[in-house]
file entry.cif (mmCIF, C-alpha atoms)
data_start
loop_
_atom_site.label_atom_id
_atom_site.label_comp_id
_atom_site.auth_asym_id
_atom_site.auth_seq_id
_atom_site.Cartn_x
_atom_site.Cartn_y
_atom_site.Cartn_z
CA MET S 1 -228.22 5.29 -36.69
CA SER S 2 -230.21 2.58 -38.43
CA ASN S 3 -233.00 2.94 -35.87
CA SER S 4 -233.41 6.69 -36.24
CA LEU S 5 -233.09 6.83 -40.02
CA GLY S 6 -234.73 3.55 -40.97
CA LEU S 7 -232.13 2.80 -43.64
CA GLY S 8 -233.27 0.33 -46.28
CA ASP S 9 -233.58 0.12 -50.04
CA SER S 10 -232.35 3.03 -52.08
CA ASP S 11 -234.94 5.72 -52.78
CA ALA S 12 -233.15 6.36 -56.07
CA GLU S 13 -234.76 3.21 -57.47
CA ALA S 14 -238.26 4.61 -57.83
CA ARG S 15 -240.83 1.86 -58.42
CA TRP S 16 -244.34 1.88 -59.82
CA ILE S 17 -246.55 -1.19 -59.23
CA GLY S 18 -243.49 -3.15 -58.09
CA ILE S 19 -241.20 -2.35 -61.03
CA ARG S 20 -238.76 0.41 -61.83
CA ARG S 21 -239.75 3.13 -64.26
CA HIS S 22 -237.47 2.17 -67.12
CA GLN S 23 -238.65 -1.43 -66.77
CA GLY S 24 -242.23 -0.28 -67.17
CA VAL S 25 -241.37 1.68 -70.31
CA LEU S 26 -239.51 -1.27 -71.84
CA VAL S 27 -242.28 -3.74 -70.99
CA VAL S 28 -245.01 -1.51 -72.43
CA ALA S 29 -243.02 -0.81 -75.61
CA GLY S 30 -242.00 -4.45 -76.07
CA PHE S 31 -245.48 -5.80 -75.43
CA GLY S 32 -246.92 -3.25 -77.84
CA LEU S 33 -244.57 -4.28 -80.64
CA VAL S 34 -245.17 -8.00 -80.07
CA SER S 35 -248.95 -7.47 -79.98
CA ALA S 36 -248.83 -5.40 -83.17
CA TRP S 37 -246.86 -8.16 -84.91
CA VAL S 38 -249.27 -10.88 -83.74
CA MET S 39 -252.39 -8.96 -84.74
CA GLY S 40 -251.02 -7.51 -87.99
CA SER S 41 -251.13 -9.63 -91.12
CA SER S 42 -248.21 -7.95 -92.90
CA SER S 43 -245.98 -6.91 -89.99
CA PRO S 44 -242.25 -7.46 -90.61
CA PRO S 45 -240.38 -10.04 -88.48
CA SER S 46 -238.06 -7.30 -87.27
CA GLU S 47 -240.96 -5.87 -85.26
CA LEU S 48 -241.22 -9.12 -83.31
CA VAL S 49 -237.45 -9.26 -82.80
CA VAL S 50 -237.30 -5.70 -81.47
CA GLY S 51 -240.30 -6.30 -79.19
CA LEU S 52 -238.77 -9.46 -77.70
CA ALA S 53 -235.43 -7.66 -77.27
CA LEU S 54 -237.12 -4.85 -75.33
CA LEU S 55 -238.88 -7.38 -73.08
CA LEU S 56 -235.57 -9.18 -72.50
CA THR S 57 -233.75 -5.98 -71.49
CA ALA S 58 -236.38 -5.38 -68.79
CA VAL S 59 -235.63 -8.70 -67.05
CA PRO S 60 -233.95 -8.14 -63.64
CA MET S 61 -230.67 -9.88 -62.78
CA SER S 62 -229.46 -11.25 -59.47
CA ASP S 63 -227.41 -8.15 -58.61
CA GLY S 64 -230.35 -5.78 -58.94
CA GLN S 65 -229.57 -4.54 -62.45
CA THR S 66 -231.72 -5.28 -65.45
CA VAL S 67 -230.31 -6.93 -68.56
CA GLY S 68 -230.53 -3.59 -70.37
CA GLU S 69 -228.54 -1.80 -67.66
CA ALA S 70 -225.86 -4.51 -67.75
CA LEU S 71 -225.56 -4.16 -71.54
CA VAL S 72 -225.16 -0.38 -71.21
CA VAL S 73 -222.40 -0.83 -68.60
CA VAL S 74 -220.53 -3.29 -70.82
CA ALA S 75 -220.84 -1.00 -73.85
CA ARG S 76 -219.50 2.00 -71.91
CA TYR S 77 -216.61 -0.07 -70.55
CA LEU S 78 -215.60 -1.26 -74.02
CA ALA S 79 -215.87 2.24 -75.51
CA ARG S 80 -213.72 4.19 -73.03
CA SER S 81 -209.98 4.25 -72.45
CA ARG S 82 -208.51 1.88 -69.87
CA TRP S 83 -205.84 4.30 -68.64
CA ARG S 84 -206.87 6.95 -66.09
CA TYR S 85 -204.99 9.78 -64.42
CA MET S 86 -205.61 11.60 -61.14
CA THR S 87 -203.70 14.43 -59.49
CA ILE S 88 -203.84 15.78 -55.94
CA ARG S 89 -202.05 18.84 -54.54
CA GLU S 90 -202.07 20.93 -51.38
CA PHE S 91 -202.56 24.69 -51.57
CA GLY S 92 -202.20 26.08 -48.07
CA ASP S 93 -204.93 24.56 -45.92
CA ASP S 94 -206.86 23.31 -48.95
CA VAL S 95 -206.56 20.16 -51.05
CA VAL S 96 -207.33 20.19 -54.78
CA LEU S 97 -208.11 16.87 -56.44
CA TRP S 98 -208.37 16.46 -60.22
CA ALA S 99 -210.11 13.18 -61.12
CA PRO S 100 -210.62 14.53 -63.85
CA SER S 101 -213.08 17.17 -62.59
CA ASP S 102 -211.58 19.26 -59.81
CA VAL S 103 -212.85 19.44 -56.23
CA VAL S 104 -211.51 21.52 -53.33
CA PHE S 105 -211.82 20.41 -49.71
CA ARG S 106 -209.99 20.18 -46.40
CA ALA S 107 -208.94 16.95 -44.73
CA TYR S 108 -209.11 16.35 -40.98
CA GLU S 109 -207.90 13.40 -38.93
CA LEU S 110 -209.72 12.06 -35.91
CA ASP S 111 -207.67 12.47 -32.76
CA HIS S 112 -207.58 8.93 -31.37
CA ARG S 113 -206.94 8.82 -27.64
CA GLY S 114 -207.41 5.29 -26.40
CA ARG S 115 -210.62 3.33 -26.99
CA LEU S 116 -213.33 5.72 -28.11
CA ASP S 117 -216.15 3.39 -27.12
CA LEU S 118 -214.81 2.94 -23.57
CA SER S 119 -214.52 6.68 -22.95
CA GLY S 120 -217.81 7.55 -24.63
CA ARG S 121 -216.10 9.78 -27.18
CA ASP S 122 -217.48 7.69 -30.05
CA VAL S 123 -221.01 8.82 -29.18
CA ALA S 124 -219.87 12.42 -28.83
CA ALA S 125 -218.02 12.31 -32.16
CA ALA S 126 -221.05 10.81 -33.95
CA GLY S 127 -223.33 13.44 -32.43
CA ALA S 128 -220.98 16.23 -33.54
CA LEU S 129 -220.98 14.90 -37.12
CA ALA S 130 -224.78 14.68 -37.12
CA ALA S 131 -225.00 18.28 -35.91
CA LEU S 132 -222.54 19.34 -38.63
CA VAL S 133 -224.67 17.69 -41.32
CA ASP S 134 -227.86 19.32 -39.98
CA ALA S 135 -226.16 22.71 -40.02
CA ALA S 136 -224.94 22.17 -43.60
CA SER S 137 -228.54 21.75 -44.77
CA ALA S 138 -229.11 25.47 -44.18
CA ALA S 139 -226.82 26.34 -47.10
CA SER S 140 -228.28 27.49 -50.41
CA GLU S 141 -226.51 24.68 -52.30
CA ASN S 142 -225.82 21.02 -51.59
CA GLN S 143 -222.84 20.29 -49.35
CA HIS S 144 -220.72 17.14 -49.55
CA VAL S 145 -219.20 15.52 -46.46
CA SER S 146 -217.31 12.24 -46.36
CA GLN S 147 -215.68 10.10 -43.69
CA HIS S 148 -213.02 7.51 -44.51
CA VAL S 149 -211.66 4.75 -42.31
CA MET S 150 -208.38 3.52 -43.81
CA ARG S 151 -206.58 0.42 -42.56
CA ARG S 152 -203.20 -0.23 -44.13
CA ARG S 153 -200.75 -2.83 -42.82
CA GLY S 154 -202.37 -2.94 -39.39
CA ALA S 155 -202.54 0.85 -38.87
CA THR S 156 -205.93 2.58 -38.88
CA SER S 157 -206.66 6.26 -39.49
CA THR S 158 -209.92 8.16 -39.85
CA LEU S 159 -210.29 11.02 -42.32
CA LEU S 160 -213.03 13.63 -42.53
CA ALA S 161 -213.30 15.61 -45.79
CA LEU S 162 -215.23 18.88 -45.52
CA PRO S 163 -215.90 21.87 -47.78
CA THR S 164 -213.41 24.67 -47.19
CA GLU S 165 -216.03 26.95 -45.59
CA VAL S 166 -217.26 24.31 -43.09
CA PRO S 167 -215.36 24.16 -39.76
CA ALA S 168 -214.44 20.78 -38.34
CA PRO S 169 -216.01 19.53 -35.08
CA ASP S 170 -213.98 19.20 -31.90
CA GLY S 171 -211.60 16.25 -31.86
CA TRP S 172 -210.50 16.58 -35.50
CA ARG S 173 -207.21 18.18 -36.55
CA LEU S 174 -206.22 19.44 -39.99
CA ARG S 175 -204.07 16.91 -41.86
CA ASN S 176 -204.21 17.19 -45.64
CA SER S 177 -201.53 14.54 -46.10
CA LEU S 178 -204.12 11.95 -45.11
CA ALA S 179 -206.07 12.78 -48.27
CA VAL S 180 -202.94 11.98 -50.27
CA ASP S 181 -202.80 8.61 -48.54
CA ALA S 182 -206.42 7.96 -49.51
CA LEU S 183 -205.53 8.40 -53.18
CA ARG S 184 -202.64 5.92 -52.82
CA VAL S 185 -200.11 8.09 -54.66
CA GLY S 186 -197.31 7.60 -52.12
CA ASP S 187 -194.70 10.37 -52.37
CA ALA S 188 -195.93 11.51 -55.79
CA SER S 189 -198.79 13.89 -56.58
CA SER S 190 -200.24 11.96 -59.53
CA LEU S 191 -201.76 8.52 -59.90
CA GLN S 192 -201.98 6.48 -63.08
CA LEU S 193 -204.25 3.45 -63.00
CA PHE S 194 -205.41 0.81 -65.44
CA GLU S 195 -209.07 -0.23 -65.36
CA ARG S 196 -210.11 -3.85 -65.56
CA PHE S 197 -213.68 -5.09 -65.63
CA THR S 198 -213.68 -6.20 -61.97
CA TYR S 199 -210.72 -4.35 -60.42
CA LEU S 200 -208.17 -1.55 -60.90
CA ARG S 201 -204.44 -1.91 -61.34
CA LEU S 202 -202.39 0.73 -59.52
CA PRO S 203 -198.59 1.06 -59.68
CA ASP S 204 -197.94 -1.08 -56.60
CA GLN S 205 -201.24 -2.80 -55.83
CA LEU S 206 -204.63 -3.96 -57.07
CA VAL S 207 -207.89 -2.57 -55.70
CA ARG S 208 -211.53 -3.61 -55.98
CA VAL S 209 -214.42 -1.31 -55.07
CA TYR S 210 -217.75 -2.46 -53.65
CA ARG S 211 -220.80 -0.33 -52.93
CA VAL S 212 -223.31 -1.05 -50.18
CA ARG S 213 -226.70 -1.44 -51.80
CA ASP S 214 -229.00 -2.28 -48.90
CA PHE S 215 -228.92 -1.82 -45.09
CA SER S 216 -232.36 -3.23 -44.33
CA SER S 217 -231.14 -6.58 -42.93
CA VAL S 218 -228.73 -5.11 -40.37
CA PRO S 219 -229.84 -6.13 -36.84
CA GLU S 220 -231.19 -3.24 -34.79
CA SER S 221 -228.71 -3.99 -32.02
CA GLY S 222 -225.72 -4.05 -34.38
CA SER S 223 -223.51 -1.44 -35.98
CA LEU S 224 -223.95 -0.93 -39.71
CA LEU S 225 -220.33 -1.48 -40.74
CA GLU S 226 -218.90 -3.33 -37.75
CA GLN S 227 -218.46 -6.70 -39.47
CA ILE S 228 -216.66 -5.18 -42.45
CA LEU S 229 -214.38 -2.98 -40.33
CA ARG S 230 -213.31 -6.01 -38.30
CA ALA S 231 -212.23 -7.97 -41.39
CA PRO S 232 -208.49 -8.88 -41.30
CA VAL S 233 -207.65 -7.28 -44.66
CA ASP S 234 -206.35 -3.94 -45.92
CA LEU S 235 -209.35 -1.83 -46.85
CA ASP S 236 -210.90 1.62 -46.96
CA VAL S 237 -214.50 2.24 -45.89
CA SER S 238 -215.89 5.52 -47.23
CA VAL S 239 -219.19 7.02 -46.09
CA HIS S 240 -220.32 9.88 -48.33
CA VAL S 241 -223.11 12.23 -47.31
CA ASP S 242 -224.49 14.67 -49.85
CA VAL S 243 -226.54 17.18 -47.84
CA VAL S 244 -229.52 18.53 -49.78
CA ALA S 245 -230.18 22.26 -49.42
CA GLY S 246 -233.03 23.01 -47.02
CA THR S 247 -235.59 24.49 -49.42
CA LYS S 248 -235.01 21.74 -51.95
CA ALA S 249 -235.21 19.06 -49.24
CA HIS S 250 -238.74 20.11 -48.21
CA ARG S 251 -239.90 19.89 -51.83
CA LEU S 252 -238.31 16.47 -52.37
CA VAL S 253 -239.76 14.79 -49.29
CA ALA S 254 -243.25 16.17 -49.93
CA ARG S 255 -243.09 15.09 -53.57
CA ALA S 256 -241.93 11.58 -52.59
CA VAL S 257 -244.85 11.07 -50.19
CA HIS S 258 -247.32 12.36 -52.77
CA ARG S 259 -245.88 10.07 -55.46
CA VAL S 260 -246.12 6.97 -53.28
CA ARG S 261 -249.70 7.77 -52.31
CA SER S 262 -250.64 8.30 -55.97
CA ASP S 263 -248.96 5.03 -56.96
CA GLU S 264 -250.85 3.24 -54.19
CA VAL S 265 -254.19 4.48 -55.53
CA THR S 266 -253.24 3.45 -59.08
CA SER S 267 -251.98 0.02 -58.08
CA SER S 268 -255.05 -0.64 -55.90
CA ALA S 269 -257.32 0.28 -58.78
CA ALA S 270 -255.39 -2.15 -60.99
CA GLY S 271 -255.95 -4.96 -58.47
CA PHE S 272 -252.50 -5.05 -56.87
CA ARG S 273 -252.24 -5.59 -53.12
CA ARG S 274 -249.88 -3.44 -51.14
CA SER S 275 -247.04 -5.56 -49.74
CA ALA S 276 -245.48 -5.29 -46.29
CA ARG S 277 -242.27 -4.06 -47.89
CA SER S 278 -244.03 -1.21 -49.68
CA SER S 279 -245.89 -0.32 -46.48
CA ARG S 280 -242.61 -0.10 -44.58
CA SER S 281 -241.13 2.05 -47.35
CA PHE S 282 -244.08 4.43 -47.13
CA GLU S 283 -243.67 4.65 -43.35
CA ARG S 284 -240.03 5.61 -43.84
CA LEU S 285 -241.01 8.34 -46.30
CA VAL S 286 -243.57 9.81 -43.90
CA GLU S 287 -241.07 9.65 -41.03
CA ARG S 288 -238.48 11.38 -43.19
CA GLU S 289 -240.92 14.16 -44.09
CA VAL S 290 -241.61 14.77 -40.40
CA LEU S 291 -237.89 14.87 -39.54
CA VAL S 292 -237.07 17.30 -42.36
CA ALA S 293 -239.96 19.55 -41.31
CA ALA S 294 -238.51 19.52 -37.78
CA GLY S 295 -235.15 20.82 -39.05
CA ARG S 296 -233.21 17.62 -39.69
CA SER S 297 -231.17 17.33 -42.88
CA LEU S 298 -232.07 15.32 -45.97
CA VAL S 299 -229.06 13.47 -47.32
CA ARG S 300 -228.00 11.17 -50.10
CA LEU S 301 -225.90 8.42 -48.55
CA ALA S 302 -223.35 6.19 -50.24
CA VAL S 303 -220.99 3.66 -48.64
CA PHE S 304 -218.02 2.23 -50.55
CA VAL S 305 -215.61 -0.52 -49.52
CA VAL S 306 -212.21 -0.57 -51.24
CA VAL S 307 -210.18 -3.77 -50.91
CA SER S 308 -206.49 -3.73 -51.81
CA ALA S 309 -203.87 -6.44 -52.32
CA GLU S 310 -200.54 -6.95 -54.07
CA SER S 311 -201.62 -9.82 -56.32
CA LEU S 312 -204.81 -10.94 -58.02
CA GLU S 313 -204.95 -14.12 -55.96
CA ASP S 314 -204.69 -12.16 -52.69
CA LEU S 315 -207.31 -9.72 -53.97
CA GLN S 316 -209.73 -12.57 -54.63
CA GLN S 317 -209.20 -13.97 -51.14
CA CYS S 318 -209.65 -10.58 -49.46
CA SER S 319 -212.76 -9.90 -51.54
CA THR S 320 -214.26 -13.23 -50.46
CA ILE S 321 -213.68 -12.32 -46.81
CA ILE S 322 -215.32 -8.92 -47.23
CA TRP S 323 -218.28 -10.41 -49.09
CA ARG S 324 -218.90 -12.96 -46.31
CA ARG S 325 -218.46 -10.37 -43.58
CA ALA S 326 -220.96 -8.06 -45.27
CA HIS S 327 -223.46 -10.92 -45.64
CA ASP S 328 -223.06 -11.87 -41.97
CA GLY S 329 -223.60 -8.24 -40.97
CA GLY S 330 -226.82 -7.90 -42.98
CA LEU S 331 -225.36 -5.75 -45.77
CA ARG S 332 -225.84 -6.33 -49.47
CA LEU S 333 -222.93 -5.31 -51.68
CA GLU S 334 -222.73 -4.51 -55.37
CA ARG S 335 -219.69 -5.85 -57.21
CA GLY S 336 -219.38 -2.94 -59.62
CA ARG S 337 -218.48 -4.91 -62.73
CA GLY S 338 -217.58 -2.38 -65.42
CA ASN S 339 -217.92 0.52 -62.94
CA GLN S 340 -214.69 0.15 -61.00
CA TYR S 341 -213.16 3.46 -62.09
CA GLU S 342 -216.37 5.45 -61.55
CA TRP S 343 -216.80 3.99 -58.08
CA PHE S 344 -213.14 4.49 -57.16
CA ARG S 345 -213.44 8.13 -58.18
CA ALA S 346 -216.75 8.58 -56.34
CA GLN S 347 -215.39 7.21 -53.05
CA LEU S 348 -212.41 9.57 -52.90
CA PRO S 349 -212.40 12.44 -50.34
CA GLY S 350 -214.40 15.40 -51.55
CA GLY S 351 -216.58 13.25 -53.82
CA PRO S 352 -215.12 14.20 -57.25
CA GLY S 353 -217.38 11.64 -58.94
CA TRP S 354 -220.61 13.11 -57.56
#

call {"tool": "encode", "arguments": {"input": "entry.cif", "output": "structure tokens"}}
result
Amino acid sequence: MSNSLGLGDSDAEARWIGIRRHQGVLVVAGFGLVSAWVMGSSSPPSELVVGLALLLTAVPMSDGQTVGEALVVVARYLARSRWRYMTIREFGDDVVLWAPSDVVFRAYELDHRGRLDLSGRDVAAAGALAALVDAASAASENQHVSQHVMRRRGATSTLLALPTEVPAPDGWRLRNSLAVDALRVGDASSLQLFERFTYLRLPDQLVRVYRVRDFSSVPESGSLLEQILRAPVDLDVSVHVDVVAGTKAHRLVARAVHRVRSDEVTSSAAGFRRSARSSRSFERLVEREVLVAAGRSLVRLAVFVVVSAESLEDLQQCSTIIWRRAHDGGLRLERGRGNQYEWFRAQLPGGPGW
């Protein structure tokens, strides 16, 4: 998978001359205010203060966010309510999830028969899912598909959430009750949770949500999520695939290649040398344009890891194990400080947070 798709840094973080767009705007505005204060004889001190503040908010932090983005996250966390409610119900073959926007989907369970890798059924199942995603790209609107591996108290189950009009591949059977298990509501149909800055408090357990930020360091001979899935803790691993409609996909990939080429000309004229990382990113964009033109699907991919425990101390220990496993496997995780509820909602079957 990593070989054919060339997974790496997120394309959502568009960069121009090595920096993200909002950083460029903040730097230009801050530098302009500071320069105006230095050159002006009667400029107020507030102009200097605002200019320095804008420059400070553009400084990147260790987790990939800028100072300005971190301040926005903290402000949103302090402004919203801590209590959240979610409801899930079955209506015939369909599942309706309110979180708080509603989403309708069907849940399927993978039919495990012995070791999939020994029988070769893992390759067949992966190929069937890839074919399903390619077929979904022919729709007039985006389609959302998600796969969830849930390990609770030693038992593992695999869930596939599909739109109601999309048939499941061979080897998957309809089981909507598995979606209820993913929400952790037990025998009830509603879930009430309390949001903390770094975790969520559910009625009978604590959960912490991580998001995979970068796949570029995963060895070519290794599986993307193998190290995390082998961790001896209770966790859910959710892989969400948002399939872009075919006509829109062709426009997006062509626009991305054109933008990178234009940025290269601008940066070269400004005296910046193209780095090996940017060259590899451009190669991935060109490769993606060729694949989409050949009929492959263009997708937005998100991977979430949900760690659960009964106490805060156990949650910290399990989180440390997951963090080390991800590092050993070449994955870079985001901690999601202040975004725990949004990420928990986004990783649920059906993608209600998308």

call {"tool": "residues_around", "arguments": {"input": "entry.cif", "residues": "S:Ser238", "least_positions_apart": "2", "cutoff": "12 Å", "atoms": "all atoms listed in the file", "output": "number ranges by chain"}}
result
S: 145-151, 158-161, 182, 209-212, 225, 228-229, 235-236, 240-241, 301-307, 343-351

call {"tool": "residues_around", "arguments": {"input": "entry.cif", "residues": "S:Ala138", "least_positions_apart": "6", "cutoff": "9 Å", "atoms": "only C-alpha atoms", "output": "list of chain:residue names"}}
result
S:Val244, S:Ala245, S:Gly246, S:Thr247, S:Ser297

call {"tool": "closest_residue", "arguments": {"input": "entry.cif", "among": "S:Ala58, S:Leu191, S:Leu331, S:Ala231", "to": "S:Trp98", "atoms": "all atoms listed in the file"}}
result
S:Leu191

call {"tool": "resolve_selection", "arguments": {"input": "entry.cif", "expression": "the PyMOL selection byres ((chain S and resi 102-110) around 7)", "output": "PyMOL selection string"}}
result
chain S and resi 93-101+111-112+158-164+171-176+178-179+350+352

call {"tool": "write_last_selection", "arguments": {"input": "entry.cif", "atoms": "C-alpha atoms", "output": "compact mmCIF listing (two decimals), keeping the file's coordinate frame"}}
result
# COMPACT_ATOMS: atom_id res chain seq x y z
CA ASP S 93 -204.93 24.56 -45.92
CA ASP S 94 -206.86 23.31 -48.95
CA VAL S 95 -206.56 20.16 -51.05
CA VAL S 96 -207.33 20.19 -54.78
CA LEU S 97 -208.11 16.87 -56.44
CA TRP S 98 -208.37 16.46 -60.22
CA ALA S 99 -210.11 13.18 -61.12
CA PRO S 100 -210.62 14.53 -63.85
CA SER S 101 -213.08 17.17 -62.59
CA ASP S 111 -207.67 12.47 -32.76
CA HIS S 112 -207.58 8.93 -31.37
CA THR S 158 -209.92 8.16 -39.85
CA LEU S 159 -210.29 11.02 -42.32
CA LEU S 160 -213.03 13.63 -42.53
CA ALA S 161 -213.30 15.61 -45.79
CA LEU S 162 -215.23 18.88 -45.52
CA PRO S 163 -215.90 21.87 -47.78
CA THR S 164 -213.41 24.67 -47.19
CA GLY S 171 -211.60 16.25 -31.86
CA TRP S 172 -210.50 16.58 -35.50
CA ARG S 173 -207.21 18.18 -36.55
CA LEU S 174 -206.22 19.44 -39.99
CA ARG S 175 -204.07 16.91 -41.86
CA ASN S 176 -204.21 17.19 -45.64
CA LEU S 178 -204.12 11.95 -45.11
CA ALA S 179 -206.07 12.78 -48.27
CA GLY S 350 -214.40 15.40 -51.55
CA PRO S 352 -215.12 14.20 -57.25

call {"tool": "resolve_selection", "arguments": {"input": "entry.cif", "expression": "the PyMOL selection byres ((chain S and resi 327) around 12)", "output": "list in words"}}
result
Val212, Arg213, Asp214, Phe215, Ser216, Ser217, Val218, Pro219, Leu224, Leu225, Glu226, Gln227, Ile228, Thr320, Ile321, Ile322, Trp323, Arg324, Arg325, Ala326, Asp328, Gly329, Gly330, Leu331, Arg332, Leu333 and Glu334 of chain S

call {"tool": "axis_aligned_box", "arguments": {"input": "entry.cif", "around": "stretch 191-203 of chain S", "padding_each_side": "6 Å", "output": "lines of an AutoDock Vina configuration file"}}
result
center_x = -206.1
center_y = 1.2
center_z = -62.6
size_x = 27.1
size_y = 26.7
size_z = 18.1

call {"tool": "residues_around", "arguments": {"input": "entry.cif", "residues": "S:Val67", "least_positions_apart": "4", "cutoff": "9 Å", "atoms": "only C-alpha atoms", "output": "PDB file with C-alpha atoms, in the coordinates of the input"}}
result
ATOM      1  CA  LEU S  56    -235.570  -9.180 -72.500  1.00  0.00           C
ATOM      2  CA  THR S  57    -233.750  -5.980 -71.490  1.00  0.00           C
ATOM      3  CA  ALA S  58    -236.380  -5.380 -68.790  1.00  0.00           C
ATOM      4  CA  VAL S  59    -235.630  -8.700 -67.050  1.00  0.00           C
ATOM      5  CA  PRO S  60    -233.950  -8.140 -63.640  1.00  0.00           C
ATOM      6  CA  MET S  61    -230.670  -9.880 -62.780  1.00  0.00           C
ATOM      7  CA  LEU S  71    -225.560  -4.160 -71.540  1.00  0.00           C
ATOM      8  CA  VAL S  72    -225.160  -0.380 -71.210  1.00  0.00           C
TER       9      VAL S  72
END

call {"tool": "atom_distance", "arguments": {"input": "entry.cif", "atom1": "atom CA of S:Gln65", "atom2": "atom CA of S:Val28"}}
result
18.6 Å

call {"tool": "resolve_selection", "arguments": {"input": "entry.cif", "expression": "the PyMOL selection byres ((chain S and resi 290-293) around 10)", "output": "ChimeraX atom specification"}}
result
/S:4-5,134,137,246,249-250,253-254,284-289,294-298
